[in-house]
Amino acid sequence: MATTSKLVLLRHGQSTWNELNQFTGWVDVPLTDKGRTEAAHAGQLLKDENLLPDVVHTSLLRRAITTANLALEAADRQWVPTQRSWRLNERHYGALQGMNKAEIRAEHGEEKFMTWRRSYDTPPPMLEDDHEFSQYRDERYAMLGEDIPRTECLKDVVTRLIPYWYDNIVPQLVTGKTVLIVAHGNSLRALVKHLEGISDDAIAELNLPTGVPFAYELGEDMKARGAARFLDPDAAAAGAAAVAAQGK
Ligand SMILES: O=C(O)[C@@H](CO)OP(=O)(O)O
C-alpha cells in the first residue's frame with residue numbers, strides 16, 4: 001500500500017525587520033512579541049489538526065529557529081529530531097539587506113522594486129563583504145568559504161534548496177514521517193514552486209504569511225497532490241495580502 005506523506009511548511013513569525021518594513025535576507029534578526037505569539041499559535045494548530053511532526057528542519061537563522069522552538073513547545077513536541085541548514089535560509093537580499101522597502105520603492109520606482117523583490121532571475125546588487133549587514137565573516141557559514149552568497153534571486157534559492165530537499169527531506173517523507181519545515185518567505189516560495197510546478201512568471205504572485213502553517217499531501221513523485229491547506233485560512237489570507245502590500 002502506498003504511504004501518504006505529509007509535509008507541513010511554516011514561515012517564521014513576524015520579525016523585528018518585518019515590523020520595520022526592512023529587507024532582511026540573511027541578517028539574523030529576532031522575532032517580535034507578535035511573532036512569538038504567531039509561532040505558539042502555529043504549534044497549537046498543528047496539535048489541533050493532528051499534524052504533529054516526526055522531524056523538523058529549520059534554516060540557520062534565529063527567526064526560524066525560535067519559531068520552531070515555540071511551535072514545538074505549544075504542540076508538546078520539543079523532543080523531535082531537528083536538522084538545520086543554510087540551504088533553508090531566506091534569500092540573500094544583497095545590497096538591499098537593511099534597507100526600508102518603501103524607501104527603495106520611492107527611490108528606484110515600482111518596476112525596479114518589484115523586479116528585485118519578485119522576479120525569478122534578477123538578483124539585487126551584491127552586498128560588499130565589509131558591509132555591516134554582510135555574513136561574510138559569520139562562522140556559521142564558514143563551510144561555504146568564498147562561495148557564500150552576496151546576493152540571490154529566487155532561481156538561486158531553488159538551486160541551493162532542492163538538493164537539500166532530495167537528500168535530507170524526501171528520504172524521511174518516503175518512510176511515512178510527517179515533516180515540518182520552518183523557514184522563510186522566499187525559501188518557502190522556492191519550495192512551493194517546485195512542489196506545485198508553478199511557472200517562473202506565476203511565482204511572482206505568491207506571497208506567504210508569517211506564522212501560519214500550511215500542509216501538503218504528496219504523491220509518490222514527491223510533488224503536491226493538490227493545493228496547500230492553510231491551517232488558519234483567514235489569518236493566511238490577511239497575512240499574504242499584507243506581504244504583497246509591503247513598500248506601498
Ligand atoms: O526581507 C526579506 O528577507 C523578505 C521576507 O521578509 O522580504 P520580501 O517579502 O520582500 O521578499
# chains A, B, ... in the order shown; residues from 1 in each chain; ligands from 1
call {"tool": "residues_around", "arguments": {"residues": "Arg105 in chain A", "least_positions_apart": "2", "cutoff": "12 Å", "atoms": "only C-alpha atoms", "output": "ChimeraX atom specification"}}
result
/A:21-23,96,99-103,107-117,245-248
call {"tool": "write_last_selection", "arguments": {"atoms": "C-alpha atoms", "output": "mmCIF file, in the first residue's frame"}}
result
data_model
loop_
_atom_site.group_PDB
_atom_site.id
_atom_site.type_symbol
_atom_site.label_atom_id
_atom_site.label_comp_id
_atom_site.auth_asym_id
_atom_site.auth_seq_id
_atom_site.Cartn_x
_atom_site.Cartn_y
_atom_site.Cartn_z
ATOM 1 C CA ASN A 21 9.399 47.014 6.720
ATOM 2 C CA GLN A 22 13.108 46.357 6.021
ATOM 3 C CA PHE A 23 14.642 43.893 3.566
ATOM 4 C CA LEU A 96 19.052 45.700 -0.110
ATOM 5 C CA MET A 99 17.046 48.945 3.575
ATOM 6 C CA ASN A 100 13.482 50.142 4.065
ATOM 7 C CA LYS A 101 11.124 48.738 1.396
ATOM 8 C CA ALA A 102 9.091 51.935 0.970
ATOM 9 C CA GLU A 103 12.270 53.993 0.577
ATOM 10 C CA GLU A 107 13.954 55.864 -4.861
ATOM 11 C CA HIS A 108 14.079 53.278 -7.664
ATOM 12 C CA GLY A 109 10.435 53.089 -8.808
ATOM 13 C CA GLU A 110 7.833 50.326 -8.787
ATOM 14 C CA GLU A 111 9.270 48.318 -11.680
ATOM 15 C CA LYS A 112 12.798 48.015 -10.302
ATOM 16 C CA PHE A 113 11.445 47.407 -6.803
ATOM 17 C CA MET A 114 9.242 44.532 -7.989
ATOM 18 C CA THR A 115 11.984 43.112 -10.216
ATOM 19 C CA TRP A 116 14.380 42.917 -7.285
ATOM 20 C CA ARG A 117 11.685 41.661 -4.967
ATOM 21 C CA ALA A 245 1.395 45.411 0.033
ATOM 22 C CA GLN A 246 4.820 45.955 1.640
ATOM 23 C CA GLY A 247 6.588 49.033 0.376
ATOM 24 C CA LYS A 248 3.382 50.622 -0.916
#
call {"tool": "closest_atom_pairs", "arguments": {"of": "chain A", "to": "ligand 1", "cutoff": "10 Å", "atoms": "only C-alpha atoms and all ligand atoms", "output": "CSV"}}
result
residue,atom,partner,partner_atom_place_in_ligand_line,distance
A:Arg11,CA,ligand 1,5 (C),9.4
A:His12,CA,ligand 1,6 (O),9.4
A:Gln14,CA,ligand 1,6 (O),8.6
A:Ser15,CA,ligand 1,6 (O),8.1
A:Trp17,CA,ligand 1,1 (O),7.6
A:Asn18,CA,ligand 1,6 (O),5.7
A:Glu19,CA,ligand 1,6 (O),9.5
A:Asn21,CA,ligand 1,1 (O),7.8
A:Gln22,CA,ligand 1,1 (O),6.0
A:Phe23,CA,ligand 1,1 (O),3.4
A:Thr24,CA,ligand 1,1 (O),3.8
A:Gly25,CA,ligand 1,3 (O),3.7
A:Trp26,CA,ligand 1,3 (O),7.2
A:Val27,CA,ligand 1,3 (O),8.3
A:Asn89,CA,ligand 1,3 (O),9.5
A:Glu90,CA,ligand 1,3 (O),6.0
A:Arg91,CA,ligand 1,3 (O),6.4
A:His92,CA,ligand 1,3 (O),7.2
A:Tyr93,CA,ligand 1,3 (O),6.4
A:Gly94,CA,ligand 1,3 (O),10.0
A:Leu96,CA,ligand 1,1 (O),8.5
A:Gln97,CA,ligand 1,1 (O),7.2
A:Gly98,CA,ligand 1,1 (O),8.4
A:Met99,CA,ligand 1,1 (O),9.0
A:Asn100,CA,ligand 1,1 (O),9.3
A:Lys101,CA,ligand 1,10 (O),7.4
A:Phe113,CA,ligand 1,10 (O),9.4
A:Met114,CA,ligand 1,10 (O),8.9
A:Trp116,CA,ligand 1,11 (O),8.7
A:Arg117,CA,ligand 1,11 (O),5.4
A:Arg118,CA,ligand 1,11 (O),6.9
A:Cys153,CA,ligand 1,11 (O),10.0
A:Leu154,CA,ligand 1,11 (O),9.4
A:His184,CA,ligand 1,5 (C),6.6
A:Gly185,CA,ligand 1,5 (C),5.1
A:Asn186,CA,ligand 1,11 (O),6.0
A:Ser187,CA,ligand 1,5 (C),9.3
A:Arg189,CA,ligand 1,11 (O),9.6
A:Leu206,CA,ligand 1,9 (O),9.9
A:Asn207,CA,ligand 1,9 (O),7.1
A:Leu208,CA,ligand 1,9 (O),8.0
A:Pro209,CA,ligand 1,9 (O),9.2
A:Thr210,CA,ligand 1,6 (O),8.7
A:Ala240,CA,ligand 1,9 (O),9.6
A:Ala242,CA,ligand 1,9 (O),9.7
A:Val243,CA,ligand 1,9 (O),6.0
A:Ala244,CA,ligand 1,9 (O),7.5
A:Ala245,CA,ligand 1,10 (O),9.6
A:Gln246,CA,ligand 1,10 (O),7.0
A:Gly247,CA,ligand 1,10 (O),8.3
call {"tool": "closest_residue", "arguments": {"among": "A:Ala40, A:Ile162, A:Leu61, A:Ala228", "to": "Phe214 in chain A", "atoms": "only C-alpha atoms"}}
result
A:Ala228
call {"tool": "atom_distance", "arguments": {"atom1": "CA of Leu231 in chain A", "atom2": "CA of Arg36 in chain A"}}
result
17.4 Å
call {"tool": "residues_around", "arguments": {"residues": "Asn50 in chain A", "least_positions_apart": "4", "cutoff": "12 Å", "atoms": "only C-alpha atoms", "output": "list in words"}}
result
Lys6, Val8, Gly43, Gln44, Leu45, Leu46, Asp54, Ala75, Asp76, Arg77, Thr178, Ala215 and Leu231 of chain A
call {"tool": "atom_distance", "arguments": {"atom1": "CA of Pro213 in chain A", "atom2": "CA of Leu10 in chain A"}}
result
4.6 Å
call {"tool": "atom_distance", "arguments": {"atom1": "CA of Pro233 in chain A", "atom2": "CA of Val179 in chain A"}}
result
20.5 Å
call {"tool": "closest_residue", "arguments": {"among": "A:Gly13, A:Leu191, A:Arg62, A:Thr67", "to": "Thr159 in chain A", "atoms": "only C-alpha atoms"}}
result
A:Leu191
call {"tool": "closest_residue", "arguments": {"among": "A:Leu60, A:Ala224, A:Ala106, A:Val55", "to": "Asp138 in chain A", "atoms": "only C-alpha atoms"}}
result
A:Leu60
call {"tool": "select_by_dssp", "arguments": {"residues": "range 10-159 of chain A", "states": "helix (DSSP H, G or I)", "output": "JSON list (two decimals) with N, CA and C atoms, in the first residue's frame"}}
result
[["chain", "number", "residue", "atom", "x", "y", "z"],
["A", 16, "THR", "N", 11.54, 41.54, 13.82],
["A", 16, "THR", "CA", 11.65, 42.98, 14.07],
["A", 16, "THR", "C", 11.78, 43.76, 12.76],
["A", 17, "TRP", "N", 12.44, 43.17, 11.78],
["A", 17, "TRP", "CA", 12.58, 43.87, 10.50],
["A", 17, "TRP", "C", 11.36, 43.73, 9.60],
["A", 18, "ASN", "N", 10.57, 42.68, 9.80],
["A", 18, "ASN", "CA", 9.26, 42.65, 9.13],
["A", 18, "ASN", "C", 8.43, 43.83, 9.62],
["A", 19, "GLU", "N", 8.48, 44.04, 10.94],
["A", 19, "GLU", "CA", 7.69, 45.12, 11.55],
["A", 19, "GLU", "C", 8.16, 46.49, 11.03],
["A", 33, "ASP", "N", 7.24, 40.34, 19.68],
["A", 33, "ASP", "CA", 6.28, 39.64, 20.56],
["A", 33, "ASP", "C", 5.14, 39.06, 19.74],
["A", 34, "LYS", "N", 4.71, 39.82, 18.71],
["A", 34, "LYS", "CA", 3.64, 39.30, 17.83],
["A", 34, "LYS", "C", 4.12, 38.01, 17.13],
["A", 35, "GLY", "N", 5.37, 38.04, 16.69],
["A", 35, "GLY", "CA", 5.93, 36.86, 16.02],
["A", 35, "GLY", "C", 5.99, 35.65, 16.94],
["A", 36, "ARG", "N", 6.30, 35.88, 18.20],
["A", 36, "ARG", "CA", 6.36, 34.78, 19.17],
["A", 36, "ARG", "C", 4.95, 34.22, 19.42],
["A", 37, "THR", "N", 3.97, 35.11, 19.45],
["A", 37, "THR", "CA", 2.57, 34.66, 19.62],
["A", 37, "THR", "C", 2.14, 33.84, 18.40],
["A", 38, "GLU", "N", 2.50, 34.34, 17.21],
["A", 38, "GLU", "CA", 2.15, 33.60, 15.97],
["A", 38, "GLU", "C", 2.76, 32.20, 16.00],
["A", 39, "ALA", "N", 4.01, 32.11, 16.46],
["A", 39, "ALA", "CA", 4.71, 30.82, 16.47],
["A", 39, "ALA", "C", 4.02, 29.82, 17.40],
["A", 40, "ALA", "N", 3.66, 30.30, 18.59],
["A", 40, "ALA", "CA", 2.99, 29.41, 19.55],
["A", 40, "ALA", "C", 1.62, 28.99, 19.00],
["A", 41, "HIS", "N", 0.92, 29.92, 18.37],
["A", 41, "HIS", "CA", -0.39, 29.61, 17.78],
["A", 41, "HIS", "C", -0.23, 28.55, 16.67],
["A", 42, "ALA", "N", 0.85, 28.69, 15.91],
["A", 42, "ALA", "CA", 1.11, 27.70, 14.85],
["A", 42, "ALA", "C", 1.26, 26.30, 15.45],
["A", 43, "GLY", "N", 1.96, 26.21, 16.57],
["A", 43, "GLY", "CA", 2.12, 24.90, 17.23],
["A", 43, "GLY", "C", 0.80, 24.35, 17.72],
["A", 44, "GLN", "N", -0.03, 25.24, 18.24],
["A", 44, "GLN", "CA", -1.36, 24.81, 18.72],
["A", 44, "GLN", "C", -2.19, 24.28, 17.54],
["A", 45, "LEU", "N", -2.09, 24.94, 16.39],
["A", 45, "LEU", "CA", -2.82, 24.47, 15.20],
["A", 45, "LEU", "C", -2.34, 23.08, 14.78],
["A", 46, "LEU", "N", -1.03, 22.85, 14.84],
["A", 46, "LEU", "CA", -0.51, 21.52, 14.48],
["A", 46, "LEU", "C", -1.11, 20.45, 15.40],
["A", 47, "LYS", "N", -1.21, 20.81, 16.67],
["A", 47, "LYS", "CA", -1.77, 19.87, 17.64],
["A", 47, "LYS", "C", -3.26, 19.63, 17.35],
["A", 48, "ASP", "N", -4.00, 20.73, 17.17],
["A", 48, "ASP", "CA", -5.44, 20.62, 16.94],
["A", 48, "ASP", "C", -5.76, 19.81, 15.69],
["A", 62, "ARG", "N", 17.81, 32.81, 13.42],
["A", 62, "ARG", "CA", 17.10, 32.69, 14.69],
["A", 62, "ARG", "C", 15.60, 32.90, 14.56],
["A", 63, "ARG", "N", 15.14, 33.64, 13.58],
["A", 63, "ARG", "CA", 13.69, 33.85, 13.49],
["A", 63, "ARG", "C", 12.98, 32.54, 13.13],
["A", 64, "ALA", "N", 13.65, 31.67, 12.37],
["A", 64, "ALA", "CA", 13.08, 30.35, 12.07],
["A", 64, "ALA", "C", 13.29, 29.39, 13.24],
["A", 65, "ILE", "N", 14.48, 29.44, 13.84],
["A", 65, "ILE", "CA", 14.79, 28.52, 14.95],
["A", 65, "ILE", "C", 13.87, 28.80, 16.14],
["A", 66, "THR", "N", 13.70, 30.07, 16.49],
["A", 66, "THR", "CA", 12.82, 30.42, 17.62],
["A", 66, "THR", "C", 11.38, 30.04, 17.31],
["A", 67, "THR", "N", 10.96, 30.29, 16.07],
["A", 67, "THR", "CA", 9.59, 29.91, 15.68],
["A", 67, "THR", "C", 9.37, 28.41, 15.85],
["A", 68, "ALA", "N", 10.35, 27.62, 15.39],
["A", 68, "ALA", "CA", 10.23, 26.17, 15.52],
["A", 68, "ALA", "C", 10.16, 25.77, 16.99],
["A", 69, "ASN", "N", 11.03, 26.37, 17.81],
["A", 69, "ASN", "CA", 11.05, 26.02, 19.23],
["A", 69, "ASN", "C", 9.71, 26.33, 19.90],
["A", 70, "LEU", "N", 9.18, 27.52, 19.63],
["A", 70, "LEU", "CA", 7.92, 27.92, 20.26],
["A", 70, "LEU", "C", 6.75, 27.06, 19.76],
["A", 71, "ALA", "N", 6.77, 26.76, 18.47],
["A", 71, "ALA", "CA", 5.69, 25.92, 17.91],
["A", 71, "ALA", "C", 5.75, 24.51, 18.49],
["A", 72, "LEU", "N", 6.96, 23.97, 18.59],
["A", 72, "LEU", "CA", 7.10, 22.62, 19.14],
["A", 72, "LEU", "C", 6.70, 22.57, 20.60],
["A", 73, "GLU", "N", 7.02, 23.63, 21.33],
["A", 73, "GLU", "CA", 6.63, 23.68, 22.74],
["A", 73, "GLU", "C", 5.10, 23.68, 22.85],
["A", 74, "ALA", "N", 4.45, 24.50, 22.04],
["A", 74, "ALA", "CA", 2.98, 24.58, 22.10],
["A", 74, "ALA", "C", 2.33, 23.26, 21.68],
["A", 86, "TRP", "N", 21.85, 25.96, 6.08],
["A", 86, "TRP", "CA", 21.87, 27.26, 5.40],
["A", 86, "TRP", "C", 21.05, 27.19, 4.11],
["A", 87, "ARG", "N", 20.84, 25.99, 3.58],
["A", 87, "ARG", "CA", 20.09, 25.86, 2.32],
["A", 87, "ARG", "C", 18.61, 26.24, 2.49],
["A", 88, "LEU", "N", 18.13, 26.30, 3.75],
["A", 88, "LEU", "CA", 16.75, 26.74, 4.00],
["A", 88, "LEU", "C", 16.69, 28.21, 4.37],
["A", 94, "GLY", "N", 21.23, 40.72, -0.88],
["A", 94, "GLY", "CA", 22.27, 41.58, -1.44],
["A", 94, "GLY", "C", 22.32, 42.94, -0.77],
["A", 95, "ALA", "N", 22.58, 43.97, -1.58],
["A", 95, "ALA", "CA", 22.74, 45.33, -1.06],
["A", 95, "ALA", "C", 21.45, 45.90, -0.50],
["A", 96, "LEU", "N", 20.31, 45.20, -0.69],
["A", 96, "LEU", "CA", 19.05, 45.70, -0.11],
["A", 96, "LEU", "C", 18.91, 45.34, 1.36],
["A", 101, "LYS", "N", 11.76, 49.09, 2.67],
["A", 101, "LYS", "CA", 11.12, 48.74, 1.40],
["A", 101, "LYS", "C", 10.45, 49.95, 0.74],
["A", 102, "ALA", "N", 9.77, 50.76, 1.55],
["A", 102, "ALA", "CA", 9.09, 51.93, 0.97],
["A", 102, "ALA", "C", 10.12, 52.91, 0.39],
["A", 103, "GLU", "N", 11.24, 53.06, 1.07],
["A", 103, "GLU", "CA", 12.27, 53.99, 0.58],
["A", 103, "GLU", "C", 12.90, 53.49, -0.73],
["A", 104, "ILE", "N", 13.14, 52.19, -0.80],
["A", 104, "ILE", "CA", 13.71, 51.62, -2.04],
["A", 104, "ILE", "C", 12.72, 51.79, -3.20],
["A", 105, "ARG", "N", 11.45, 51.57, -2.91],
["A", 105, "ARG", "CA", 10.43, 51.72, -3.97],
["A", 105, "ARG", "C", 10.36, 53.18, -4.43],
["A", 106, "ALA", "N", 10.39, 54.11, -3.45],
["A", 106, "ALA", "CA", 10.31, 55.53, -3.80],
["A", 106, "ALA", "C", 11.54, 55.97, -4.59],
["A", 107, "GLU", "N", 12.70, 55.44, -4.22],
["A", 107, "GLU", "CA", 13.95, 55.86, -4.86],
["A", 107, "GLU", "C", 14.13, 55.27, -6.26],
["A", 108, "HIS", "N", 13.78, 53.98, -6.40],
["A", 108, "HIS", "CA", 14.08, 53.28, -7.66],
["A", 108, "HIS", "C", 12.86, 53.04, -8.55],
["A", 110, "GLU", "N", 8.58, 51.58, -8.98],
["A", 110, "GLU", "CA", 7.83, 50.33, -8.79],
["A", 110, "GLU", "C", 8.43, 49.15, -9.58],
["A", 111, "GLU", "N", 8.81, 49.43, -10.84],
["A", 111, "GLU", "CA", 9.27, 48.32, -11.68],
["A", 111, "GLU", "C", 10.55, 47.68, -11.14],
["A", 112, "LYS", "N", 11.53, 48.52, -10.83],
["A", 112, "LYS", "CA", 12.80, 48.01, -10.30],
["A", 112, "LYS", "C", 12.57, 47.31, -8.96],
["A", 113, "PHE", "N", 11.75, 47.96, -8.12],
["A", 113, "PHE", "CA", 11.44, 47.41, -6.80],
["A", 113, "PHE", "C", 10.87, 46.01, -6.95],
["A", 114, "MET", "N", 9.89, 45.84, -7.83],
["A", 114, "MET", "CA", 9.24, 44.53, -7.99],
["A", 114, "MET", "C", 10.16, 43.53, -8.69],
["A", 115, "THR", "N", 11.02, 44.02, -9.58],
["A", 115, "THR", "CA", 11.98, 43.11, -10.22],
["A", 115, "THR", "C", 12.92, 42.54, -9.17],
["A", 116, "TRP", "N", 13.48, 43.40, -8.33],
["A", 116, "TRP", "CA", 14.38, 42.92, -7.28],
["A", 116, "TRP", "C", 13.67, 42.02, -6.29],
["A", 117, "ARG", "N", 12.40, 42.37, -6.02],
["A", 117, "ARG", "CA", 11.69, 41.66, -4.97],
["A", 117, "ARG", "C", 11.08, 40.34, -5.45],
["A", 118, "ARG", "N", 10.53, 40.32, -6.66],
["A", 118, "ARG", "CA", 9.74, 39.15, -7.05],
["A", 118, "ARG", "C", 10.10, 38.53, -8.40],
["A", 139, "GLU", "N", 30.77, 32.78, 11.36],
["A", 139, "GLU", "CA", 31.33, 31.42, 11.41],
["A", 139, "GLU", "C", 30.33, 30.33, 11.05],
["A", 140, "ARG", "N", 29.03, 30.61, 11.16],
["A", 140, "ARG", "CA", 28.07, 29.56, 10.82],
["A", 140, "ARG", "C", 28.09, 29.22, 9.32],
["A", 141, "TYR", "N", 28.68, 30.14, 8.52],
["A", 141, "TYR", "CA", 28.76, 29.88, 7.08],
["A", 141, "TYR", "C", 30.19, 29.58, 6.62],
["A", 142, "ALA", "N", 31.06, 29.24, 7.58],
["A", 142, "ALA", "CA", 32.47, 29.03, 7.24],
["A", 142, "ALA", "C", 32.63, 27.95, 6.17],
["A", 143, "MET", "N", 31.75, 26.93, 6.18],
["A", 143, "MET", "CA", 31.88, 25.83, 5.22],
["A", 143, "MET", "C", 31.63, 26.29, 3.78],
["A", 144, "LEU", "N", 31.04, 27.45, 3.60],
["A", 144, "LEU", "CA", 30.80, 27.96, 2.24],
["A", 144, "LEU", "C", 32.02, 28.68, 1.66],
["A", 145, "GLY", "N", 32.93, 29.08, 2.55],
["A", 145, "GLY", "CA", 34.13, 29.78, 2.08],
["A", 145, "GLY", "C", 33.79, 30.95, 1.19],
["A", 146, "GLU", "N", 34.51, 31.06, 0.08],
["A", 146, "GLU", "CA", 34.28, 32.17, -0.85],
["A", 146, "GLU", "C", 32.97, 32.04, -1.63],
["A", 147, "ASP", "N", 32.33, 30.86, -1.52],
["A", 147, "ASP", "CA", 31.07, 30.65, -2.25],
["A", 147, "ASP", "C", 29.86, 31.22, -1.51],
["A", 154, "LEU", "N", 15.43, 34.38, -6.81],
["A", 154, "LEU", "CA", 14.69, 33.18, -6.39],
["A", 154, "LEU", "C", 15.24, 31.92, -7.07],
["A", 155, "LYS", "N", 15.68, 32.08, -8.31],
["A", 155, "LYS", "CA", 16.24, 30.92, -9.03],
["A", 155, "LYS", "C", 17.47, 30.36, -8.29],
["A", 156, "ASP", "N", 18.30, 31.26, -7.74],
["A", 156, "ASP", "CA", 19.46, 30.81, -6.97],
["A", 156, "ASP", "C", 19.03, 30.02, -5.73],
["A", 157, "VAL", "N", 17.93, 30.46, -5.14],
["A", 157, "VAL", "CA", 17.43, 29.77, -3.94],
["A", 157, "VAL", "C", 16.94, 28.36, -4.32],
["A", 158, "VAL", "N", 16.22, 28.26, -5.44],
["A", 158, "VAL", "CA", 15.79, 26.93, -5.91],
["A", 158, "VAL", "C", 17.02, 26.04, -6.09],
["A", 159, "THR", "N", 18.05, 26.57, -6.70],
["A", 159, "THR", "CA", 19.25, 25.78, -6.99],
["A", 159, "THR", "C", 19.93, 25.27, -5.72]]
call {"tool": "select_by_dssp", "arguments": {"residues": "range 58-138 of chain A", "states": "strand (DSSP E or B)", "output": "number ranges by chain"}}
result
A: 58, 82-84, 100
call {"tool": "closest_residue", "arguments": {"among": "A:Lys223, A:Arg150, A:His131, A:Arg137", "to": "Tyr166 in chain A", "atoms": "only C-alpha atoms"}}
result
A:Lys223
call {"tool": "closest_residue", "arguments": {"among": "A:Leu127, A:Leu7, A:Ala202, A:Val80", "to": "Val170 in chain A", "atoms": "only C-alpha atoms"}}
result
A:Leu7
call {"tool": "decode", "arguments": {"residues": "range 135-157 of chain A", "atoms": "N, CA and C atoms", "output": "compact mmCIF listing (two decimals), in the first residue's frame"}}
result
# COMPACT_ATOMS: atom_id res chain seq x y z
N GLN A 135 27.32 38.68 5.81
CA GLN A 135 27.54 37.48 6.62
C GLN A 135 28.88 36.82 6.29
N TYR A 136 29.73 37.58 5.58
CA TYR A 136 30.98 37.01 5.05
C TYR A 136 31.85 36.41 6.15
N ARG A 137 31.90 37.05 7.31
CA ARG A 137 32.77 36.56 8.39
C ARG A 137 32.00 35.80 9.47
N ASP A 138 30.77 35.45 9.19
CA ASP A 138 29.95 34.75 10.18
C ASP A 138 30.35 33.27 10.20
N GLU A 139 30.77 32.78 11.36
CA GLU A 139 31.33 31.42 11.41
C GLU A 139 30.33 30.33 11.05
N ARG A 140 29.03 30.61 11.16
CA ARG A 140 28.07 29.56 10.82
C ARG A 140 28.09 29.22 9.32
N TYR A 141 28.68 30.14 8.52
CA TYR A 141 28.76 29.88 7.08
C TYR A 141 30.19 29.58 6.62
N ALA A 142 31.06 29.24 7.58
CA ALA A 142 32.47 29.03 7.24
C ALA A 142 32.63 27.95 6.17
N MET A 143 31.75 26.93 6.18
CA MET A 143 31.88 25.83 5.22
C MET A 143 31.63 26.29 3.78
N LEU A 144 31.04 27.45 3.60
CA LEU A 144 30.80 27.96 2.24
C LEU A 144 32.02 28.68 1.66
N GLY A 145 32.93 29.08 2.55
CA GLY A 145 34.13 29.78 2.08
C GLY A 145 33.79 30.95 1.19
N GLU A 146 34.51 31.06 0.08
CA GLU A 146 34.28 32.17 -0.85
C GLU A 146 32.97 32.04 -1.63
N ASP A 147 32.33 30.86 -1.52
CA ASP A 147 31.07 30.65 -2.25
C ASP A 147 29.86 31.22 -1.51
N ILE A 148 30.07 31.84 -0.35
CA ILE A 148 28.93 32.42 0.38
C ILE A 148 28.22 33.44 -0.53
N PRO A 149 26.87 33.40 -0.56
CA PRO A 149 26.16 34.35 -1.43
C PRO A 149 26.38 35.80 -1.01
N ARG A 150 26.44 36.67 -2.00
CA ARG A 150 26.46 38.13 -1.77
C ARG A 150 25.17 38.75 -2.26
N THR A 151 24.38 37.99 -2.95
CA THR A 151 23.02 38.33 -3.37
C THR A 151 22.43 37.07 -4.00
N GLU A 152 21.11 36.97 -4.03
CA GLU A 152 20.46 35.82 -4.68
C GLU A 152 19.14 36.27 -5.30
N CYS A 153 18.80 35.67 -6.43
CA CYS A 153 17.43 35.75 -6.94
C CYS A 153 16.73 34.45 -6.54
N LEU A 154 15.43 34.38 -6.81
CA LEU A 154 14.69 33.18 -6.39
C LEU A 154 15.24 31.92 -7.07
N LYS A 155 15.68 32.08 -8.31
CA LYS A 155 16.24 30.92 -9.03
C LYS A 155 17.47 30.36 -8.29
N ASP A 156 18.30 31.26 -7.74
CA ASP A 156 19.46 30.81 -6.97
C ASP A 156 19.03 30.02 -5.73
N VAL A 157 17.93 30.46 -5.14
CA VAL A 157 17.43 29.77 -3.94
C VAL A 157 16.94 28.36 -4.32
